[in-house]
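As provided, protein.cif (mmCIF, C-alpha atoms) reads as follows.
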data_data
loop_
_atom_site.label_atom_id
_atom_site.label_comp_id
_atom_site.auth_asym_id
_atom_site.auth_seq_id
_atom_site.Cartn_x
_atom_site.Cartn_y
_atom_site.Cartn_z
CA MET A 1 -9.69 -45.88 31.52
CA THR A 2 -8.23 -49.00 29.90
CA ASN A 3 -4.54 -49.36 29.33
CA ASP A 4 -4.97 -49.23 25.57
CA GLN A 5 -6.85 -45.95 25.64
CA HIS A 6 -4.34 -44.50 28.01
CA ASN A 7 -1.43 -45.34 25.71
CA HIS A 8 -3.20 -43.86 22.73
CA GLN A 9 -3.88 -40.60 24.56
CA SER A 10 -0.44 -40.14 26.05
CA GLN A 11 1.09 -40.78 22.65
CA ASN A 12 -1.15 -38.22 21.06
CA GLN A 13 -0.51 -35.68 23.77
CA ALA A 14 3.24 -36.12 23.64
CA GLY A 15 3.08 -35.26 19.94
CA GLN A 16 0.89 -32.25 20.65
CA HIS A 17 2.89 -30.85 23.54
CA ASN A 18 6.22 -30.71 21.76
CA PRO A 19 5.67 -29.27 18.31
CA PRO A 20 8.46 -30.27 15.91
CA LEU A 21 11.12 -27.71 15.01
CA LEU A 22 9.65 -27.42 11.52
CA GLU A 23 6.34 -26.25 12.98
CA TRP A 24 8.13 -23.53 14.93
CA ILE A 25 9.88 -22.42 11.74
CA VAL A 26 6.66 -22.26 9.71
CA GLY A 27 4.94 -20.52 12.64
CA ALA A 28 7.76 -17.96 12.79
CA ILE A 29 7.39 -17.34 9.05
CA GLY A 30 3.66 -16.80 9.66
CA LEU A 31 4.40 -14.36 12.47
CA ILE A 32 6.83 -12.42 10.25
CA ILE A 33 4.21 -12.33 7.46
CA VAL A 34 1.45 -11.07 9.76
CA VAL A 35 3.64 -8.46 11.47
CA GLY A 36 5.04 -7.43 8.07
CA LEU A 37 1.58 -7.10 6.47
CA ILE A 38 0.12 -5.16 9.39
CA SER A 39 3.18 -2.87 9.64
CA PHE A 40 3.03 -2.16 5.93
CA LEU A 41 -0.72 -1.43 6.10
CA ILE A 42 -0.22 0.88 9.11
CA TYR A 43 2.53 2.71 7.21
CA GLU A 44 0.19 3.05 4.22
CA ALA A 45 -2.66 4.17 6.47
CA PHE A 46 -0.57 6.98 7.92
CA THR A 47 0.93 8.10 4.62
CA GLU A 48 -2.20 7.72 2.47
CA SER A 49 -3.58 11.05 1.45
CA GLU A 50 -7.13 12.05 0.71
CA ARG A 51 -5.95 13.84 -2.43
CA PRO A 52 -8.34 13.17 -5.31
CA PRO A 53 -7.18 10.92 -8.15
CA ILE A 54 -4.86 12.69 -10.60
CA ILE A 55 -4.99 10.47 -13.64
CA VAL A 56 -2.65 11.12 -16.55
CA VAL A 57 -3.08 9.40 -19.91
CA ASP A 58 -0.09 8.74 -22.18
CA THR A 59 -0.25 7.44 -25.74
CA VAL A 60 2.04 4.44 -26.07
CA SER A 61 1.68 3.47 -29.72
CA VAL A 62 -0.50 3.80 -32.80
CA SER A 63 -0.88 0.84 -35.15
CA SER A 64 -3.28 -0.59 -37.68
CA ALA A 65 -5.50 -3.34 -36.28
CA GLY A 66 -7.92 -5.44 -38.32
CA GLY A 67 -8.94 -2.70 -40.76
CA ASN A 68 -9.08 -0.11 -37.99
CA TYR A 69 -6.40 1.83 -36.18
CA LEU A 70 -5.49 1.29 -32.57
CA ALA A 71 -4.10 3.93 -30.23
CA ARG A 72 -2.78 2.26 -27.08
CA PHE A 73 -2.40 4.21 -23.87
CA THR A 74 -1.41 3.89 -20.22
CA LEU A 75 -3.11 5.52 -17.26
CA ASP A 76 -1.09 6.58 -14.25
CA ASN A 77 -2.80 7.78 -11.09
CA THR A 78 -0.50 10.09 -9.14
CA GLY A 79 -3.26 11.15 -6.74
CA GLY A 80 -4.00 9.72 -3.32
CA ILE A 81 -7.10 7.60 -3.86
CA THR A 82 -8.53 5.16 -6.40
CA GLY A 83 -10.56 6.47 -9.31
CA ALA A 84 -13.43 4.25 -10.49
CA ASP A 85 -15.08 4.25 -13.96
CA VAL A 86 -12.31 6.39 -15.41
CA THR A 87 -13.45 7.49 -18.86
CA ILE A 88 -10.95 8.25 -21.62
CA GLU A 89 -11.84 10.23 -24.72
CA GLY A 90 -9.69 10.20 -27.84
CA THR A 91 -10.23 12.69 -30.68
CA LEU A 92 -8.75 12.98 -34.15
CA SER A 93 -8.82 16.53 -35.43
CA SER A 94 -7.56 18.41 -38.40
CA ASP A 95 -7.15 22.21 -38.32
CA GLY A 96 -9.14 22.40 -35.10
CA GLU A 97 -12.09 20.44 -36.53
CA VAL A 98 -12.90 17.11 -34.85
CA VAL A 99 -13.01 14.27 -37.36
CA GLU A 100 -13.55 11.25 -35.10
CA THR A 101 -14.09 10.54 -31.38
CA SER A 102 -13.71 7.30 -29.39
CA TYR A 103 -14.38 6.49 -25.73
CA VAL A 104 -13.43 3.81 -23.28
CA THR A 105 -14.10 3.36 -19.54
CA VAL A 106 -11.56 1.70 -17.23
CA PRO A 107 -13.19 0.20 -14.08
CA TYR A 108 -10.49 1.10 -11.52
CA VAL A 109 -7.22 3.04 -11.50
CA PRO A 110 -5.60 2.70 -8.05
CA PRO A 111 -3.00 5.23 -6.88
CA ASP A 112 0.56 4.70 -8.18
CA SER A 113 -0.61 1.81 -10.33
CA ILE A 114 -0.48 1.73 -14.10
CA ARG A 115 -3.42 0.52 -16.19
CA GLU A 116 -3.38 -0.10 -19.95
CA GLY A 117 -6.03 0.32 -22.61
CA GLY A 118 -6.62 1.23 -26.24
CA LEU A 119 -8.97 3.22 -28.48
CA TYR A 120 -9.98 2.21 -32.01
CA PHE A 121 -10.36 4.71 -34.86
CA THR A 122 -11.53 4.12 -38.42
CA GLN A 123 -9.12 6.73 -39.74
CA ASN A 124 -5.36 6.73 -39.35
CA PRO A 125 -4.50 8.80 -36.26
CA GLU A 126 -1.05 9.51 -37.73
CA GLN A 127 -2.61 11.72 -40.41
CA TYR A 128 -4.51 13.78 -37.83
CA ASP A 129 -3.93 15.48 -34.51
CA LEU A 130 -4.54 12.72 -31.90
CA GLN A 131 -5.62 13.96 -28.47
CA LEU A 132 -6.33 11.65 -25.49
CA ARG A 133 -7.82 13.04 -22.32
CA VAL A 134 -9.37 11.75 -19.09
CA LEU A 135 -13.01 12.86 -18.83
CA GLY A 136 -13.68 11.94 -15.21
CA TYR A 137 -13.83 9.36 -12.45
CA ARG A 138 -16.07 8.17 -9.63
CA ILE A 139 -15.12 7.40 -6.01
CA PRO A 140 -15.53 3.64 -5.46
CA MET B 1 5.06 -41.84 12.40
CA ASN B 2 7.48 -39.17 13.63
CA LYS B 3 6.49 -35.63 14.55
CA GLU B 4 8.00 -33.93 11.49
CA ARG B 5 6.21 -36.24 9.13
CA ARG B 6 2.93 -35.72 10.95
CA PHE B 7 3.41 -31.96 10.80
CA LEU B 8 4.15 -32.06 7.05
CA ILE B 9 0.94 -34.03 6.44
CA GLY B 10 -0.91 -31.49 8.58
CA LEU B 11 0.67 -28.67 6.58
CA ALA B 12 -0.44 -30.25 3.30
CA ARG B 13 -3.96 -30.55 4.72
CA ALA B 14 -3.82 -26.90 5.74
CA PHE B 15 -3.03 -25.90 2.14
CA GLY B 16 -5.95 -28.08 1.02
CA GLY B 17 -8.28 -26.36 3.48
CA ALA B 18 -7.04 -22.90 2.58
CA ILE B 19 -7.57 -23.43 -1.14
CA ILE B 20 -11.09 -24.87 -0.66
CA PHE B 21 -12.22 -21.91 1.44
CA VAL B 22 -10.44 -19.10 -0.34
CA LEU B 23 -10.78 -20.10 -4.00
CA PRO B 24 -14.27 -18.61 -4.51
CA MET B 25 -12.96 -15.33 -3.06
CA LEU B 26 -9.69 -15.40 -5.02
CA LEU B 27 -11.80 -15.65 -8.18
CA THR B 28 -14.12 -12.77 -7.23
CA MET B 29 -13.13 -9.45 -8.77
CA GLU B 30 -14.76 -7.39 -6.01
CA MET B 31 -12.23 -8.96 -3.63
CA TRP B 32 -9.32 -7.74 -5.81
CA TRP B 33 -10.83 -4.24 -5.93
CA LEU B 34 -11.46 -4.17 -2.19
CA GLY B 35 -7.79 -5.06 -1.79
CA PHE B 36 -6.79 -1.62 -2.98
CA TYR B 37 -9.70 0.71 -2.26
CA LEU B 38 -10.70 -0.64 1.15
CA SER B 39 -9.75 1.63 4.06
CA ARG B 40 -6.34 0.51 5.34
CA TRP B 41 -7.62 0.82 8.94
CA HIS B 42 -10.49 -1.61 8.30
CA LEU B 43 -8.01 -4.06 6.79
CA ILE B 44 -5.59 -3.71 9.73
CA LEU B 45 -8.43 -4.27 12.23
CA VAL B 46 -9.73 -7.40 10.50
CA MET B 47 -6.19 -8.84 10.31
CA ILE B 48 -5.61 -8.24 14.03
CA LEU B 49 -9.05 -9.60 15.05
CA ASN B 50 -8.34 -12.69 12.98
CA ILE B 51 -5.44 -13.70 15.28
CA PRO B 52 -7.52 -14.40 18.44
CA LEU B 53 -10.19 -15.91 16.17
CA LEU B 54 -7.67 -18.41 14.77
CA ILE B 55 -6.31 -19.18 18.24
CA GLY B 56 -9.85 -19.86 19.44
CA LEU B 57 -10.57 -22.00 16.40
CA SER B 58 -7.41 -24.00 17.02
CA HIS B 59 -8.52 -24.47 20.62
CA TYR B 60 -12.08 -25.58 19.87
CA SER B 61 -11.40 -27.69 16.82
CA GLY B 62 -8.22 -29.24 18.13
CA PHE B 63 -7.94 -32.69 19.59
CA GLU B 64 -7.29 -31.56 23.10
CA THR B 65 -9.71 -30.38 25.72
CA THR B 66 -7.04 -28.42 27.58
CA PHE B 67 -6.15 -24.93 26.42
CA GLU B 68 -2.58 -24.91 25.18
CA LEU B 69 -2.20 -21.22 24.40
CA ILE B 70 1.30 -21.37 22.93
CA GLU B 71 0.45 -24.27 20.68
CA ASP B 72 -2.82 -22.75 19.52
CA THR B 73 -0.99 -19.49 18.79
CA LEU B 74 1.60 -21.44 16.81
CA ASP B 75 -1.23 -23.08 14.83
CA ALA B 76 -2.72 -19.65 14.12
CA PHE B 77 0.50 -18.30 12.61
CA VAL B 78 1.12 -21.47 10.61
CA ALA B 79 -2.40 -20.97 9.19
CA TYR B 80 -1.56 -17.34 8.31
CA ALA B 81 1.64 -18.43 6.52
CA VAL B 82 -0.30 -21.05 4.54
CA ALA B 83 -3.02 -18.54 3.64
CA PHE B 84 -0.49 -15.92 2.52
CA ILE B 85 1.37 -18.32 0.23
CA THR B 86 -1.87 -19.74 -1.20
CA ALA B 87 -3.32 -16.29 -1.93
CA ALA B 88 -0.09 -14.90 -3.42
CA VAL B 89 0.48 -17.90 -5.71
CA VAL B 90 -3.11 -18.04 -7.02
CA LEU B 91 -3.44 -14.25 -7.49
CA ILE B 92 -0.21 -14.21 -9.52
CA LEU B 93 -1.27 -17.28 -11.55
CA ILE B 94 -4.62 -15.75 -12.50
CA GLY B 95 -3.04 -12.41 -13.35
CA ALA B 96 -4.81 -10.44 -10.62
CA ILE B 97 -1.36 -9.37 -9.45
CA ASN B 98 0.70 -7.95 -12.27
CA TYR B 99 3.78 -6.01 -13.12
CA GLY B 100 3.06 -2.26 -12.88
CA MET B 101 0.90 -2.47 -9.75
CA ALA B 102 1.85 -0.44 -6.69
CA PRO B 103 3.05 -2.37 -3.57
CA ASP B 104 -0.02 -1.06 -1.75
CA GLU B 105 -2.32 -2.68 -4.31
CA VAL B 106 -0.44 -6.01 -4.30
CA ILE B 107 -0.21 -6.27 -0.51
CA GLY B 108 -3.83 -5.20 -0.06
CA LYS B 109 -5.07 -7.85 -2.49
CA ILE B 110 -3.17 -10.61 -0.68
CA ALA B 111 -3.89 -9.35 2.86
CA ILE B 112 -7.68 -9.44 2.46
CA GLN B 113 -7.52 -13.04 1.22
CA THR B 114 -5.48 -14.26 4.20
CA ILE B 115 -8.61 -13.98 6.38
CA PRO B 116 -10.72 -16.72 4.72
CA GLY B 117 -7.57 -18.63 3.77
CA SER B 118 -6.28 -18.92 7.32
CA ILE B 119 -9.69 -19.99 8.65
CA GLY B 120 -9.78 -22.68 5.94
CA ALA B 121 -6.25 -23.80 6.78
CA LEU B 122 -7.16 -24.28 10.45
CA LEU B 123 -10.52 -25.94 9.73
CA ALA B 124 -8.69 -28.49 7.60
CA GLN B 125 -7.06 -29.81 10.72
CA SER B 126 -10.39 -30.70 12.27
CA GLN B 127 -12.15 -31.74 9.07
CA PHE B 128 -9.56 -33.62 7.07
CA GLY B 129 -7.65 -34.80 10.11
CA GLY B 130 -8.06 -38.39 11.16
CA GLY B 131 -10.53 -37.66 13.91
CA GLY B 132 -9.93 -39.88 16.89
CA VAL B 133 -11.81 -40.54 20.07
CA GLU B 134 -10.69 -37.21 21.50
CA GLU B 135 -12.44 -35.23 18.81
CA THR B 136 -15.93 -36.50 19.58
CA GLU B 137 -15.24 -36.18 23.27
CA SER B 138 -14.15 -32.55 23.09
CA ARG B 139 -17.14 -31.63 20.92
CA ASN B 140 -19.52 -32.11 23.81
CA HIS B 141 -17.47 -29.99 26.15
CA ILE B 142 -17.28 -26.78 24.17
CA GLY B 143 -19.95 -25.12 26.29
CA TYR B 144 -22.14 -22.14 25.55
CA ILE B 145 -19.38 -19.67 24.67
CA GLY B 146 -17.73 -22.31 22.50
CA THR B 147 -21.01 -22.90 20.64
CA MET B 148 -21.42 -19.17 19.98
CA PHE B 149 -17.78 -19.01 18.84
CA LEU B 150 -18.27 -21.84 16.35
CA MET B 151 -21.36 -20.02 15.05
CA VAL B 152 -19.23 -16.91 14.43
CA ILE B 153 -16.77 -19.06 12.44
CA GLY B 154 -19.59 -20.63 10.41
CA ALA B 155 -21.16 -17.23 9.75
CA LEU B 156 -17.79 -15.88 8.58
CA VAL B 157 -17.09 -18.82 6.29
CA LEU B 158 -20.31 -18.44 4.30
CA GLY B 159 -20.68 -14.68 4.83
CA LEU B 160 -17.23 -13.82 3.51
CA ASN B 161 -18.15 -15.39 0.17
CA VAL B 162 -21.16 -13.13 -0.22
CA ALA B 163 -20.20 -9.93 1.63
CA PRO B 164 -17.83 -8.46 -0.99
CA THR B 165 -20.29 -8.84 -3.88
CA GLU B 166 -22.37 -5.97 -5.24
CA GLU B 167 -25.42 -8.22 -5.11
CA VAL B 168 -25.90 -7.72 -1.35
CA ILE B 169 -26.48 -4.00 -1.91
CA LEU B 170 -28.57 -4.56 -5.02
CA ILE B 171 -30.81 -7.11 -3.27
CA ALA B 172 -31.21 -4.78 -0.27
CA PHE B 173 -32.30 -1.96 -2.61
CA ARG B 174 -34.89 -4.15 -4.31
CA MET B 175 -36.41 -5.50 -1.10
CA THR B 176 -39.35 -3.98 0.75
CA LYS B 177 -39.37 -3.94 4.56
CA TRP B 178 -41.79 -6.91 4.42
CA HIS B 179 -39.27 -8.92 2.40
CA ALA B 180 -36.68 -8.14 5.06
CA ILE B 181 -38.90 -9.21 7.95
CA PHE B 182 -39.79 -12.53 6.32
CA LEU B 183 -36.17 -13.18 5.34
CA ALA B 184 -35.11 -12.63 8.96
CA LEU B 185 -37.84 -15.03 10.19
CA LEU B 186 -36.83 -17.61 7.59
CA SER B 187 -33.17 -17.31 8.64
CA ILE B 188 -34.10 -17.97 12.28
CA ALA B 189 -36.34 -20.90 11.36
CA ALA B 190 -33.65 -22.38 9.09
CA MET B 191 -31.05 -22.07 11.85
CA HIS B 192 -33.25 -23.90 14.31
CA ALA B 193 -34.29 -26.58 11.82
CA PHE B 194 -30.70 -27.21 10.70
CA VAL B 195 -29.53 -28.01 14.19
CA TYR B 196 -32.52 -29.60 15.91
CA VAL B 197 -35.11 -30.81 13.43
CA VAL B 198 -33.55 -32.15 10.24
CA HIS B 199 -31.62 -35.30 11.06
CA PHE B 200 -28.20 -34.46 9.67
CA ARG B 201 -25.13 -36.36 10.74
CA GLY B 202 -23.78 -34.70 13.87
CA GLN B 203 -27.32 -33.80 14.98
CA ILE B 204 -27.41 -32.25 18.41
CA THR B 205 -29.69 -34.26 20.67
CA MET B 206 -31.49 -32.51 23.45
CA PRO B 207 -32.18 -34.07 26.81
CA GLU B 208 -35.84 -35.15 26.95
CA ASP B 209 -36.82 -32.64 29.60
CA THR B 210 -35.42 -29.58 27.78
CA PRO B 211 -38.30 -27.29 26.90
CA LEU B 212 -38.41 -26.28 23.23
CA GLY B 213 -38.48 -22.62 24.17
CA SER B 214 -35.25 -22.91 26.10
CA THR B 215 -33.02 -24.09 23.23
CA PHE B 216 -34.81 -21.78 20.82
CA LEU B 217 -34.14 -18.75 23.00
CA ARG B 218 -30.70 -19.70 24.30
CA PHE B 219 -29.17 -20.99 21.08
CA THR B 220 -31.21 -20.05 18.03
CA ILE B 221 -32.25 -16.48 18.89
CA THR B 222 -28.96 -15.59 20.58
CA GLY B 223 -27.20 -17.27 17.67
CA TYR B 224 -29.10 -15.11 15.20
CA VAL B 225 -28.09 -11.96 17.09
CA VAL B 226 -24.45 -13.11 16.87
CA VAL B 227 -24.96 -13.80 13.15
CA LEU B 228 -26.37 -10.30 12.59
CA LEU B 229 -23.39 -8.75 14.38
CA VAL B 230 -20.99 -10.72 12.17
CA SER B 231 -22.99 -9.66 9.12
CA LEU B 232 -22.90 -5.96 10.10
CA TYR B 233 -19.19 -6.15 10.91
CA LEU B 234 -18.48 -7.63 7.46
CA LEU B 235 -20.56 -4.91 5.78
CA TRP B 236 -18.72 -2.22 7.73
CA THR B 237 -15.32 -3.80 6.93
CA PHE B 238 -16.10 -3.86 3.22
CA GLY B 239 -17.17 -0.22 3.29
CA ARG B 240 -20.82 -0.97 2.52
CA THR B 241 -22.16 1.18 5.36
CA ILE B 242 -20.51 4.47 4.37
CA SER B 243 -23.11 7.24 4.00
CA THR B 244 -25.92 4.70 3.97
CA PRO B 245 -29.11 5.32 5.97
CA LEU B 246 -29.68 3.06 8.99
CA ASP B 247 -32.73 1.30 7.56
CA GLN B 248 -30.78 0.31 4.44
CA ILE B 249 -27.93 -0.97 6.62
CA ALA B 250 -30.44 -3.05 8.59
CA VAL B 251 -31.84 -4.60 5.40
CA MET B 252 -28.31 -5.31 4.10
CA GLY B 253 -27.52 -6.90 7.47
CA ILE B 254 -30.52 -9.22 7.13
CA VAL B 255 -29.66 -10.08 3.51
CA LEU B 256 -26.08 -11.00 4.41
CA GLY B 257 -27.39 -12.54 7.64
CA PHE B 258 -29.23 -15.19 5.61
CA PRO B 259 -26.10 -17.00 4.33
CA CYS B 260 -24.36 -16.22 7.64
CA SER B 261 -27.13 -17.95 9.62
CA ILE B 262 -26.97 -21.06 7.44
CA GLY B 263 -23.19 -21.09 7.89
CA ALA B 264 -23.55 -20.67 11.64
CA ALA B 265 -26.07 -23.51 11.95
CA ALA B 266 -23.97 -25.81 9.76
CA ALA B 267 -20.88 -25.04 11.84
CA ARG B 268 -22.59 -26.40 14.96
CA LEU B 269 -23.05 -29.75 13.23
CA ILE B 270 -19.82 -29.99 11.23
CA LEU B 271 -17.09 -28.42 13.33
#

Can the structure from this file be put into structure tokens for me?
Amino acid sequence: MTNDQHNHQSQNQAGQHNPPLLEWIVGAIGLIIVVGLISFLIYEAFTESERPPIIVVDTVSVSSAGGNYLARFTLDNTGGITGADVTIEGTLSSDGEVVETSYVTVPYVPPDSIREGGLYFTQNPEQYDLQLRVLGYRIP
Amino acid sequence: MNKERRFLIGLARAFGGAIIFVLPMLLTMEMWWLGFYLSRWHLILVMILNIPLLIGLSHYSGFETTFELIEDTLDAFVAYAVAFITAAVVLILIGAINYGMAPDEVIGKIAIQTIPGSIGALLAQSQFGGGGVEETESRNHIGYIGTMFLMVIGALVLGLNVAPTEEVILIAFRMTKWHAIFLALLSIAAMHAFVYVVHFRGQITMPEDTPLGSTFLRFTITGYVVVLLVSLYLLWTFGRTISTPLDQIAVMGIVLGFPCSIGAAAARLIL
């Protein structure tokens, strides 16, 4: 091995053998992140329940929107697992007779998470009895 | 150049590598969904398995031929930190993480992305790094196990992009068994051609007296088996094998094995 090569290698190796303090700090942050993530996931794994999705729909507001009327809602899943293709039906009725029906499907509603959506009606929901209900879900 | 400065440049490269590898997955909605509905145990397992994988990657792609366990472990956790920050920032910027989401959903979405991100962050060191004499020297000394290991990395890099998509299942449903057989044969042929026939840069040259059958059996066929195992593990991790008959799982494994085998072959030339 020539002298030049030798110098180059020992220089390189000196840098590699003693990582700078900053590298230790970033590495420690990484370790905390990994341990934190895995601990959190283990906690979730032990506390997660196999209870089916319990999805509750709440009407947030009713407003006019571009010639139609918009009823906005939130979905809250208080069950244990995610519901997929959650279908919401909204009906306007007067004296027990359904005047108008709208549907919408929300792809995923994970547990404890809130999802938002809206249903359009051609007639003003404020002049009728507005009912929103969750029709069903699918397991992803 | 002092050590701190060199580390900061390396860190910037790691962010570059993480973003290149993880961006396609950050922008895939199936990956967000898997973040919350994937079994927590599958997610925990893949995060733990990723640690020795990163240490090994740091060892094989590093400049040194000696195994510096502490330093490679340090590299692995730096890569995890880089991947976590990259994933969190991008997911928030694109609105995939929002106010009103449960901690479980947010953490799950980030955690799943740290796998490709951390691999990318570590690969950046060998790819974007100013490769010196040592790099080419160590390449020849990685041995049989090292070669198989690099193939696993290559299979993961390409396979992770495809595995979460619905298309893998859809394609498997549409294929006949004959399609599957020919796709498997094509994957094997492509793997062999990539490494030994087509003259890419980094081509592996065989000694003159090596019989064709020997490399084919020892590297290509064994490599394909490794690729299939990676492919099946990814399918299992992403919950694609639940209540699925064995023959469908086999076809899905071959479908995902196609990109995995290309990734594995490319890894032998590039890494």

Per-residue nearest contacts chain B to chain A, cut-off 7 Å, using all atoms listed in the file, as JSON lines:
{"residue": "B:Lys3", "atom": "CA", "partner": "A:Pro20", "partner_atom": "CA", "distance": 5.9}
{"residue": "B:Glu4", "atom": "CA", "partner": "A:Pro20", "partner_atom": "CA", "distance": 5.8}
{"residue": "B:Phe7", "atom": "CA", "partner": "A:Glu23", "partner_atom": "CA", "distance": 6.8}
{"residue": "B:Phe36", "atom": "CA", "partner": "A:Pro110", "partner_atom": "CA", "distance": 6.8}
{"residue": "B:Tyr37", "atom": "CA", "partner": "A:Thr82", "partner_atom": "CA", "distance": 6.2}
{"residue": "B:Arg40", "atom": "CA", "partner": "A:Ala45", "partner_atom": "CA", "distance": 5.3}
{"residue": "B:Trp41", "atom": "CA", "partner": "A:Ala45", "partner_atom": "CA", "distance": 6.5}
{"residue": "B:Ile44", "atom": "CA", "partner": "A:Ile38", "partner_atom": "CA", "distance": 5.9}
{"residue": "B:Leu74", "atom": "CA", "partner": "A:Gly27", "partner_atom": "CA", "distance": 5.4}
{"residue": "B:Phe77", "atom": "CA", "partner": "A:Gly30", "partner_atom": "CA", "distance": 4.6}
{"residue": "B:Val78", "atom": "CA", "partner": "A:Gly27", "partner_atom": "CA", "distance": 4.4}
{"residue": "B:Tyr80", "atom": "CA", "partner": "A:Gly30", "partner_atom": "CA", "distance": 5.4}
{"residue": "B:Ala81", "atom": "CA", "partner": "A:Gly30", "partner_atom": "CA", "distance": 4.1}
{"residue": "B:Gly100", "atom": "CA", "partner": "A:Ile114", "partner_atom": "CA", "distance": 5.5}
{"residue": "B:Met101", "atom": "CA", "partner": "A:Ser113", "partner_atom": "CA", "distance": 4.6}
{"residue": "B:Ala102", "atom": "CA", "partner": "A:Ser113", "partner_atom": "CA", "distance": 4.9}
{"residue": "B:Ala111", "atom": "CA", "partner": "A:Leu37", "partner_atom": "CA", "distance": 6.9}

Among the residues A:Val104, A:Val98, A:Ala65, A:Gly117, the one that comes closest to Asp129 of chain A [using only C-alpha atoms]
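For Asp129 of chain A, the nearest of the candidates is A:Val98.
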
Which residues would end up in the selection if the PyMOL selection byres ((chain B and resi 166-174) around 8) were applied here, given that I need the answer as a count of residues only?
13

How many Å lie between atom CA of Glu105 of chain B and atom CA of Tyr103 of chain A, rounded to one decimal?
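Atom CA of Tyr103 of chain A lies at a distance of 26.2 Å from atom CA of Glu105 of chain B.
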
What's the 8 Å shell around Ile55 of chain A, counting all atoms listed in the file, without same-chain residues fewer than 2 positions away, as a compact mmCIF listing (two decimals) with C-alpha atoms, in the frame of the given file?
# COMPACT_ATOMS: atom_id res chain seq x y z
CA PRO A 53 -7.18 10.92 -8.15
CA VAL A 57 -3.08 9.40 -19.91
CA LEU A 75 -3.11 5.52 -17.26
CA ASP A 76 -1.09 6.58 -14.25
CA ASN A 77 -2.80 7.78 -11.09
CA THR A 78 -0.50 10.09 -9.14
CA GLY A 79 -3.26 11.15 -6.74
CA VAL A 134 -9.37 11.75 -19.09

What separation in Å, quoted to one decimal, exists between atom CA of Trp32 of chain B and atom CA of Ile55 of chain B?
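Those two atoms sit 26.8 Å apart.
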
I need the output of the PyMOL selection byres ((chain B and resi 151-156) around 8) for this file as a PyMOL selection string; which residues are they?
chain B and resi 57+147-150+157-160+223+226-227+230-231+259-268

I'd like the residues picked by the PyMOL selection byres ((chain B and resi 83) around 9) written out as a PyMOL selection string, using the chain letters and numbers from the file.
chain B and resi 14-15+18-19+22+78-82+84-88+113-121

Quick check, in Å to one decimal: how far apart do atom CA of Asn50 of chain B and atom CA of Met191 of chain B lie?
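Taking atom CA of Asn50 of chain B and atom CA of Met191 of chain B, their separation equals 24.6 Å.
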
Set the distance at 7 Å and use only C-alpha atoms: which residues neighbour Val60 of chain A once local chain neighbours fewer than 2 positions away are removed? I'd like the list as a ChimeraX atom specification.
/A:58,72-74

Tell me which of B:Gly56, B:Pro211, B:Gly108, B:Gly239 sits closest to Leu122 of chain B, counting all atoms listed in the file.
B:Gly56

Would you please work out which residue, of B:Leu183, B:Leu271, B:Phe219, B:Ala193, is nearest to Phe258 of chain B when using only C-alpha atoms?
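Of the candidates, the smallest distance to Phe258 of chain B is held by B:Leu183.
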
Non-local contacts of Asp72 of chain B (8 Å; all atoms listed in the file; under 4 positions in same chain excluded) as a list of chain:residue names:
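So, after excluding close chain neighbours, the residues are B:Ile55, B:Gly56, B:Ser58, B:His59, B:Phe67, B:Glu68, B:Ala76.
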